[in-house]
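Visitor: One structure, as structure tokens, below. Some questions next.
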Amino acid sequence: MLRAVETPATPVVPLRAAVSALPAYVPGARVAPGGRAWKLSSNENPYPPLPSVIAAIAAAAEETNRYPDMYASELVKALAGEVGVPPEQVVVGNGSVAVLAHVLQAVVEHGDEVVFPWRSFEAYPIAVAVSGGTAVTVPLEHGTGRLDLPAMAAAVTPRTRVVLVCTPNNPTGPVVQADELDTFLAAVPGDVLVVVDEAYLEFVRDPKAPSGVDLLAAHPNVVLLRTLSKAYGLAGLRVGYAVAEPRLAAGIRAVSTPFGVSHVAQRAALASLEPGAKAELLERVDALVEERSRVTAALRGQGWELPESQANFVWFGLGQATMECAAQATAAGVLVRPFAGDGLRVSIGEPAANDAFLAVAASWR
């Protein structure tokens with residue numbers, strides 16, 4: 001009788017346990033089954049780049065055989081001028097997600113705690129795990145979609161190294177107001193880094209919202225995180241930046257990916273920050289804010305109770321009905337962003353897209 005010969009198992013290279021356990025980042029849907037749809041799933045600016053920005057992109061594309069300026073010196077200087085700080089306080093990167101990863105790499109040791117609200121930006125738990133940190137999540141205020149800053153302050157322990165404050169909060173929309181953020185910062189030890197994520201800053205109209213520059217001046221443990229993806233319409237080119245006191249900025253810069261912002265992205269960003277282009281882009285933001293008000297009023301007229309969004313999206317806390325409603329929206333030609341078991345985030349787009357969504361939302365009542 002022949003004996004079976006056991007084949008030795010093929011060796012497998014193990015992944016880090018933290019990597020194996022990472023939740024998947026789920027992007028907004030891009031294509032609807034059966035053809036064209038309104039894309040309200042990714043919080044993008046719905047309008048195409050300005051002609052001057054397209055011209056800058058085209059010109060820069062002719063130099064793609066060359067490495068970009070590693071530190072994006074000209075762009076850093078321009079952004080510093082926009083914020084009102086010296087250039088040594090600005091660090092750019094391949095989108096604000098990459099910049100956040102560099103911030104965590106600069107300060108988080110293995111096992112350090114990182115406190116953040118939940119639900120909030122979907123990349124937070126991924127970035128924390130990859131950095132070797134331990135995520136400490138704090139639920140949002142029930143029913144309002146607002147950050148519970150007192151609870152977040154209470155979650156800080158001697159092991160806490162970073163706290164993430166998303167304002168306006170993605171995906172729910174409310175902004176943190178200046179007085180409550182001042183109270184929060186007074187309660188957080190000065191050796192704990194507080195990252196204030198302002199990805200939707202340009203859409204904020206709440207007069208009680210904090211001034212990032214004032215925060216930096218008063219609190220050296222604060223880092224501002226910003227992006228040109230939303231208001232400036234450069235989501236496809238990936239330009240984000242951090243603003244911090246010089247020592248922290250130098251540390252973040254030291255761990256940043258070399259040549260992380262392409263030459264094309266740098267030139268497009270600079271063209272977008274030219275005074276005339278910036279004014280036109282911010283007019284588009286004003287139009288989107290007006291649409292946000294129109295859409296919100298119409299939805300409340302349908303009977304929906306919504307958080308007070310200061311971003312370019314609205315939030316529906318639909319709970320277990322989330323995925324069914326998202327499927328119905330897709331079938332009607334409107335792509336939205338579902339978070340299973342929690343709710344739907346719907347970006348503010350061009351008026352026709354918003355009208356299409358309002359018709360879908362009415363069908364859910």
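Convention: chains lettered A, B, ... in structure tokens order; per-chain residue numbering from 1; ligands numbered from 1 as shown.
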Produce a table with one row for each residue of stretch 46-120 of chain A that has an atom at most 6 Å from any atom of stretch 266-280 of chain A, each row naming the nearest atom pair and its distance in Å at one decimal; use only C-alpha atoms; arrange rows by chain and rising residue number; format as CSV.

Guide:
```
residue,atom,partner,partner_atom,distance
A:Val53,CA,A:Ala271,CA,5.5
A:Ala56,CA,A:Ala268,CA,5.7
A:Ile57,CA,A:Ala268,CA,5.6
```

Visitor: Kindly provide the residues of stretch 105-224 of chain A that approach stretch 286-296 of chain A to within 12 Å, each paired with its closest atom pair and their distance in Å to one decimal, based on only C-alpha atoms, listed by chain and increasing number, as a tab-separated table.

Guide:
```
residue	atom	partner	partner_atom	distance
A:Gly173	CA	A:Arg292	CA	11.2
A:Tyr200	CA	A:Val289	CA	11.4
A:Leu201	CA	A:Val289	CA	11.9
A:Glu202	CA	A:Asp286	CA	9.0
A:Phe203	CA	A:Val289	CA	6.4
A:Val204	CA	A:Val289	CA	8.5
A:Arg205	CA	A:Val289	CA	8.5
A:Asp206	CA	A:Val289	CA	11.7
```

Visitor: Using only C-alpha atoms for the distances, tell me which of A:Gly333, A:Gly111, A:Gly95, A:Pro171 is nearest to A:Ser347.

Guide: A:Pro171

Visitor: Give the answer as one residue: which of A:Ala311, A:Leu185, A:Ala72, A:Val108 has the shortest atom-to-atom distance to A:Gly132, using only C-alpha atoms?

Guide: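 Looking at the shortest contact to A:Gly132, the residue is A:Val108.
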
Visitor: Env of A:Leu234: 9 Å cut, atoms = only C-alpha atoms, seq-sep filter 5 positions within chain, self excluded. Answer as a PyMOL selection string.

Guide: chain A and resi 44-45+49+227-229+239+265+268-269+272

Visitor: Could you name the residues that touch A:Val136 at 8 Å or less, counting only C-alpha atoms, but leaving out those on the same chain fewer than 4 positions away, as an MDAnalysis selection string?

Guide: chainID A and resid 113:116 155

Visitor: The selected residues should be written to file as a PDB file, in the first residue's frame (atoms: all heavy atoms).

Guide:
```
ATOM      1  N   GLU A 113      -2.026  55.879  23.515  1.00  0.00           N
ATOM      2  CA  GLU A 113      -3.452  56.021  23.219  1.00  0.00           C
ATOM      3  C   GLU A 113      -3.715  57.252  22.355  1.00  0.00           C
ATOM      4  O   GLU A 113      -3.104  58.308  22.561  1.00  0.00           O
ATOM      5  CB  GLU A 113      -4.250  56.126  24.511  1.00  0.00           C
ATOM      6  CG  GLU A 113      -4.243  54.843  25.329  1.00  0.00           C
ATOM      7  CD  GLU A 113      -4.985  54.970  26.638  1.00  0.00           C
ATOM      8  OE1 GLU A 113      -5.326  56.107  27.025  1.00  0.00           O
ATOM      9  OE2 GLU A 113      -5.231  53.927  27.287  1.00  0.00           O
ATOM     10  N   VAL A 114      -4.627  57.084  21.415  1.00  0.00           N
ATOM     11  CA  VAL A 114      -5.100  58.185  20.584  1.00  0.00           C
ATOM     12  C   VAL A 114      -6.611  58.249  20.745  1.00  0.00           C
ATOM     13  O   VAL A 114      -7.318  57.293  20.408  1.00  0.00           O
ATOM     14  CB  VAL A 114      -4.723  58.000  19.107  1.00  0.00           C
ATOM     15  CG1 VAL A 114      -5.228  59.182  18.272  1.00  0.00           C
ATOM     16  CG2 VAL A 114      -3.209  57.849  18.950  1.00  0.00           C
ATOM     17  N   VAL A 115      -7.103  59.349  21.284  1.00  0.00           N
ATOM     18  CA  VAL A 115      -8.532  59.529  21.551  1.00  0.00           C
ATOM     19  C   VAL A 115      -9.180  60.237  20.368  1.00  0.00           C
ATOM     20  O   VAL A 115      -8.654  61.243  19.881  1.00  0.00           O
ATOM     21  CB  VAL A 115      -8.741  60.352  22.840  1.00  0.00           C
ATOM     22  CG1 VAL A 115     -10.225  60.647  23.063  1.00  0.00           C
ATOM     23  CG2 VAL A 115      -8.143  59.620  24.048  1.00  0.00           C
ATOM     24  N   PHE A 116     -10.302  59.705  19.908  1.00  0.00           N
ATOM     25  CA  PHE A 116     -11.045  60.404  18.854  1.00  0.00           C
ATOM     26  C   PHE A 116     -12.529  60.076  18.962  1.00  0.00           C
ATOM     27  O   PHE A 116     -12.923  59.063  19.545  1.00  0.00           O
ATOM     28  CB  PHE A 116     -10.496  60.068  17.461  1.00  0.00           C
ATOM     29  CG  PHE A 116     -10.460  58.606  17.093  1.00  0.00           C
ATOM     30  CD1 PHE A 116     -11.558  57.990  16.501  1.00  0.00           C
ATOM     31  CD2 PHE A 116      -9.316  57.852  17.323  1.00  0.00           C
ATOM     32  CE1 PHE A 116     -11.524  56.659  16.142  1.00  0.00           C
ATOM     33  CE2 PHE A 116      -9.274  56.511  16.975  1.00  0.00           C
ATOM     34  CZ  PHE A 116     -10.381  55.912  16.375  1.00  0.00           C
ATOM     35  N   ALA A 155     -11.659  60.967  28.752  1.00  0.00           N
ATOM     36  CA  ALA A 155     -11.023  59.760  28.233  1.00  0.00           C
ATOM     37  C   ALA A 155      -9.504  59.869  28.183  1.00  0.00           C
ATOM     38  O   ALA A 155      -8.814  58.868  27.944  1.00  0.00           O
ATOM     39  CB  ALA A 155     -11.555  59.448  26.837  1.00  0.00           C
TER      40      ALA A 155
END
```

Visitor: Can you tell me, as a ChimeraX atom specification, what residues are no more than 8 Å from A:Thr64 when counting only C-alpha atoms, ignoring any on the same chain fewer than 3 positions away?

Guide: /A:60-61,67,263-264

Visitor: For the residues in the current selection, export C-alpha atoms as a short mmCIF file (atom, residue, chain, number, x, y, z; two decimals), in the first residue's frame.

Guide:
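File again.cif, as written:
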```cif
data_model
loop_
_atom_site.label_atom_id
_atom_site.label_comp_id
_atom_site.auth_asym_id
_atom_site.auth_seq_id
_atom_site.Cartn_x
_atom_site.Cartn_y
_atom_site.Cartn_z
CA ALA A 60 3.36 71.07 -15.15
CA ALA A 61 2.60 67.77 -16.88
CA TYR A 67 11.22 65.07 -9.39
CA HIS A 263 4.87 68.73 -9.24
CA VAL A 264 1.47 68.79 -10.98
#
```

Visitor: Run DSSP on the backbone of this structure and report the residues of stretch 43-142 of chain A it assigns to strand (DSSP E or B), as a PyMOL selection string.

Guide: chain A and resi 90-93+113-118+134-139

Visitor: Mind checking which residues fall within 7 Å of A:Tyr241, counting only C-alpha atoms, ignoring those fewer than 6 positions away in the same chain, and posting them as a list in words?

Guide: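 Contacts, with the query itself left out: Val90, Val91, Val92, Gly93, Ser96, Val99, Leu225, Arg226 and Thr227 of chain A.
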
Visitor: Could you list, as a PDB file with all heavy atoms, in the first residue's frame, every residue within 12 Å of A:Gly81, counting only C-alpha atoms and ignoring same-chain residues fewer than 3 positions away?

Guide:
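Okay, this is what ended up in out09.pdb:
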```
ATOM      1  N   GLU A  74       7.683  76.561  -2.467  1.00  0.00           N
ATOM      2  CA  GLU A  74       6.868  77.682  -2.935  1.00  0.00           C
ATOM      3  C   GLU A  74       5.428  77.558  -2.433  1.00  0.00           C
ATOM      4  O   GLU A  74       4.811  78.545  -2.011  1.00  0.00           O
ATOM      5  CB  GLU A  74       6.900  77.736  -4.467  1.00  0.00           C
ATOM      6  CG  GLU A  74       6.290  78.997  -5.059  1.00  0.00           C
ATOM      7  CD  GLU A  74       6.406  79.056  -6.567  1.00  0.00           C
ATOM      8  OE1 GLU A  74       7.109  78.202  -7.161  1.00  0.00           O
ATOM      9  OE2 GLU A  74       5.786  79.972  -7.165  1.00  0.00           O
ATOM     10  N   LEU A  75       4.919  76.341  -2.458  1.00  0.00           N
ATOM     11  CA  LEU A  75       3.554  76.118  -1.970  1.00  0.00           C
ATOM     12  C   LEU A  75       3.474  76.331  -0.465  1.00  0.00           C
ATOM     13  O   LEU A  75       2.509  76.934   0.035  1.00  0.00           O
ATOM     14  CB  LEU A  75       3.093  74.701  -2.328  1.00  0.00           C
ATOM     15  CG  LEU A  75       1.700  74.296  -1.837  1.00  0.00           C
ATOM     16  CD1 LEU A  75       0.638  75.272  -2.322  1.00  0.00           C
ATOM     17  CD2 LEU A  75       1.391  72.874  -2.273  1.00  0.00           C
ATOM     18  N   VAL A  76       4.472  75.863   0.266  1.00  0.00           N
ATOM     19  CA  VAL A  76       4.495  76.083   1.711  1.00  0.00           C
ATOM     20  C   VAL A  76       4.466  77.574   2.024  1.00  0.00           C
ATOM     21  O   VAL A  76       3.727  78.027   2.912  1.00  0.00           O
ATOM     22  CB  VAL A  76       5.735  75.411   2.336  1.00  0.00           C
ATOM     23  CG1 VAL A  76       6.022  75.955   3.734  1.00  0.00           C
ATOM     24  CG2 VAL A  76       5.547  73.900   2.388  1.00  0.00           C
ATOM     25  N   LYS A  77       5.258  78.351   1.296  1.00  0.00           N
ATOM     26  CA  LYS A  77       5.281  79.796   1.517  1.00  0.00           C
ATOM     27  C   LYS A  77       3.918  80.413   1.242  1.00  0.00           C
ATOM     28  O   LYS A  77       3.434  81.264   2.002  1.00  0.00           O
ATOM     29  CB  LYS A  77       6.341  80.438   0.629  1.00  0.00           C
ATOM     30  CG  LYS A  77       6.493  81.944   0.838  1.00  0.00           C
ATOM     31  CD  LYS A  77       7.609  82.511  -0.050  1.00  0.00           C
ATOM     32  CE  LYS A  77       7.737  84.015   0.141  1.00  0.00           C
ATOM     33  NZ  LYS A  77       8.813  84.580  -0.738  1.00  0.00           N
ATOM     34  N   ALA A  78       3.269  79.966   0.166  1.00  0.00           N
ATOM     35  CA  ALA A  78       1.947  80.507  -0.167  1.00  0.00           C
ATOM     36  C   ALA A  78       0.911  80.136   0.891  1.00  0.00           C
ATOM     37  O   ALA A  78       0.095  80.973   1.300  1.00  0.00           O
ATOM     38  CB  ALA A  78       1.507  79.993  -1.536  1.00  0.00           C
ATOM     39  N   GLY A  84      -1.250  82.947   7.789  1.00  0.00           N
ATOM     40  CA  GLY A  84      -0.702  84.029   8.606  1.00  0.00           C
ATOM     41  C   GLY A  84       0.335  83.557   9.601  1.00  0.00           C
ATOM     42  O   GLY A  84       0.408  84.053  10.732  1.00  0.00           O
ATOM     43  N   VAL A  85       1.158  82.558   9.179  1.00  0.00           N
ATOM     44  CA  VAL A  85       2.223  82.029  10.024  1.00  0.00           C
ATOM     45  C   VAL A  85       3.507  81.968   9.210  1.00  0.00           C
ATOM     46  O   VAL A  85       3.464  82.023   7.970  1.00  0.00           O
ATOM     47  CB  VAL A  85       1.871  80.620  10.563  1.00  0.00           C
ATOM     48  CG1 VAL A  85       0.620  80.664  11.438  1.00  0.00           C
ATOM     49  CG2 VAL A  85       1.705  79.613   9.431  1.00  0.00           C
ATOM     50  N   PRO A  86       4.658  81.817   9.849  1.00  0.00           N
ATOM     51  CA  PRO A  86       5.903  81.638   9.101  1.00  0.00           C
ATOM     52  C   PRO A  86       5.908  80.305   8.360  1.00  0.00           C
ATOM     53  O   PRO A  86       5.273  79.335   8.803  1.00  0.00           O
ATOM     54  CB  PRO A  86       6.981  81.661  10.197  1.00  0.00           C
ATOM     55  CG  PRO A  86       6.338  82.290  11.378  1.00  0.00           C
ATOM     56  CD  PRO A  86       4.897  81.935  11.312  1.00  0.00           C
ATOM     57  N   PRO A  87       6.633  80.208   7.249  1.00  0.00           N
ATOM     58  CA  PRO A  87       6.662  78.957   6.477  1.00  0.00           C
ATOM     59  C   PRO A  87       7.130  77.747   7.275  1.00  0.00           C
ATOM     60  O   PRO A  87       6.709  76.624   6.990  1.00  0.00           O
ATOM     61  CB  PRO A  87       7.631  79.274   5.330  1.00  0.00           C
ATOM     62  CG  PRO A  87       7.521  80.758   5.150  1.00  0.00           C
ATOM     63  CD  PRO A  87       7.335  81.302   6.539  1.00  0.00           C
ATOM     64  N   GLU A  88       7.992  77.952   8.270  1.00  0.00           N
ATOM     65  CA  GLU A  88       8.476  76.795   9.037  1.00  0.00           C
ATOM     66  C   GLU A  88       7.390  76.129   9.864  1.00  0.00           C
ATOM     67  O   GLU A  88       7.607  75.049  10.433  1.00  0.00           O
ATOM     68  CB  GLU A  88       9.652  77.190   9.933  1.00  0.00           C
ATOM     69  CG  GLU A  88       9.361  78.285  10.931  1.00  0.00           C
ATOM     70  CD  GLU A  88       9.773  79.662  10.425  1.00  0.00           C
ATOM     71  OE1 GLU A  88       9.777  79.875   9.194  1.00  0.00           O
ATOM     72  OE2 GLU A  88      10.093  80.512  11.272  1.00  0.00           O
ATOM     73  N   GLN A  89       6.209  76.717   9.916  1.00  0.00           N
ATOM     74  CA  GLN A  89       5.106  76.110  10.654  1.00  0.00           C
ATOM     75  C   GLN A  89       4.156  75.313   9.765  1.00  0.00           C
ATOM     76  O   GLN A  89       3.162  74.772  10.255  1.00  0.00           O
ATOM     77  CB  GLN A  89       4.306  77.195  11.398  1.00  0.00           C
ATOM     78  CG  GLN A  89       5.060  77.810  12.554  1.00  0.00           C
ATOM     79  CD  GLN A  89       4.171  78.687  13.428  1.00  0.00           C
ATOM     80  OE1 GLN A  89       4.410  79.892  13.560  1.00  0.00           O
ATOM     81  NE2 GLN A  89       3.141  78.105  14.011  1.00  0.00           N
ATOM     82  N   VAL A  90       4.459  75.205   8.479  1.00  0.00           N
ATOM     83  CA  VAL A  90       3.573  74.517   7.534  1.00  0.00           C
ATOM     84  C   VAL A  90       4.278  73.297   6.953  1.00  0.00           C
ATOM     85  O   VAL A  90       5.437  73.369   6.547  1.00  0.00           O
ATOM     86  CB  VAL A  90       3.138  75.465   6.398  1.00  0.00           C
ATOM     87  CG1 VAL A  90       2.310  74.722   5.354  1.00  0.00           C
ATOM     88  CG2 VAL A  90       2.349  76.641   6.969  1.00  0.00           C
ATOM     89  N   VAL A 213      -5.871  79.997  13.848  1.00  0.00           N
ATOM     90  CA  VAL A 213      -4.655  80.765  14.131  1.00  0.00           C
ATOM     91  C   VAL A 213      -4.592  81.164  15.597  1.00  0.00           C
ATOM     92  O   VAL A 213      -3.530  81.097  16.241  1.00  0.00           O
ATOM     93  CB  VAL A 213      -4.588  82.003  13.219  1.00  0.00           C
ATOM     94  CG1 VAL A 213      -3.376  82.863  13.577  1.00  0.00           C
ATOM     95  CG2 VAL A 213      -4.520  81.591  11.757  1.00  0.00           C
ATOM     96  N   VAL A 243      -0.451  72.673  10.115  1.00  0.00           N
ATOM     97  CA  VAL A 243       0.118  73.905  10.653  1.00  0.00           C
ATOM     98  C   VAL A 243       0.393  73.654  12.128  1.00  0.00           C
ATOM     99  O   VAL A 243      -0.509  73.241  12.876  1.00  0.00           O
ATOM    100  CB  VAL A 243      -0.837  75.104  10.484  1.00  0.00           C
ATOM    101  CG1 VAL A 243      -0.127  76.401  10.851  1.00  0.00           C
ATOM    102  CG2 VAL A 243      -1.384  75.185   9.066  1.00  0.00           C
ATOM    103  N   LEU A 270      -0.863  76.108  -6.310  1.00  0.00           N
ATOM    104  CA  LEU A 270      -0.415  77.503  -6.394  1.00  0.00           C
ATOM    105  C   LEU A 270      -1.335  78.318  -7.295  1.00  0.00           C
ATOM    106  O   LEU A 270      -1.680  79.466  -6.979  1.00  0.00           O
ATOM    107  CB  LEU A 270       1.025  77.554  -6.904  1.00  0.00           C
ATOM    108  CG  LEU A 270       2.095  77.168  -5.867  1.00  0.00           C
ATOM    109  CD1 LEU A 270       3.419  76.871  -6.548  1.00  0.00           C
ATOM    110  CD2 LEU A 270       2.254  78.270  -4.828  1.00  0.00           C
ATOM    111  N   LEU A 273      -4.450  79.243  -5.475  1.00  0.00           N
ATOM    112  CA  LEU A 273      -4.286  80.239  -4.417  1.00  0.00           C
ATOM    113  C   LEU A 273      -4.030  81.640  -4.961  1.00  0.00           C
ATOM    114  O   LEU A 273      -3.963  82.602  -4.179  1.00  0.00           O
ATOM    115  CB  LEU A 273      -3.135  79.831  -3.490  1.00  0.00           C
ATOM    116  CG  LEU A 273      -3.390  78.567  -2.653  1.00  0.00           C
ATOM    117  CD1 LEU A 273      -2.110  78.129  -1.949  1.00  0.00           C
ATOM    118  CD2 LEU A 273      -4.503  78.790  -1.646  1.00  0.00           C
ATOM    119  N   GLU A 274      -3.884  81.772  -6.292  1.00  0.00           N
ATOM    120  CA  GLU A 274      -3.777  83.110  -6.877  1.00  0.00           C
ATOM    121  C   GLU A 274      -5.043  83.895  -6.523  1.00  0.00           C
ATOM    122  O   GLU A 274      -6.147  83.342  -6.516  1.00  0.00           O
ATOM    123  CB  GLU A 274      -3.619  83.020  -8.385  1.00  0.00           C
ATOM    124  CG  GLU A 274      -2.259  82.543  -8.847  1.00  0.00           C
ATOM    125  CD  GLU A 274      -1.175  83.575  -8.580  1.00  0.00           C
ATOM    126  OE1 GLU A 274      -1.482  84.794  -8.613  1.00  0.00           O
ATOM    127  OE2 GLU A 274      -0.020  83.175  -8.343  1.00  0.00           O
TER     128      GLU A 274
END
```
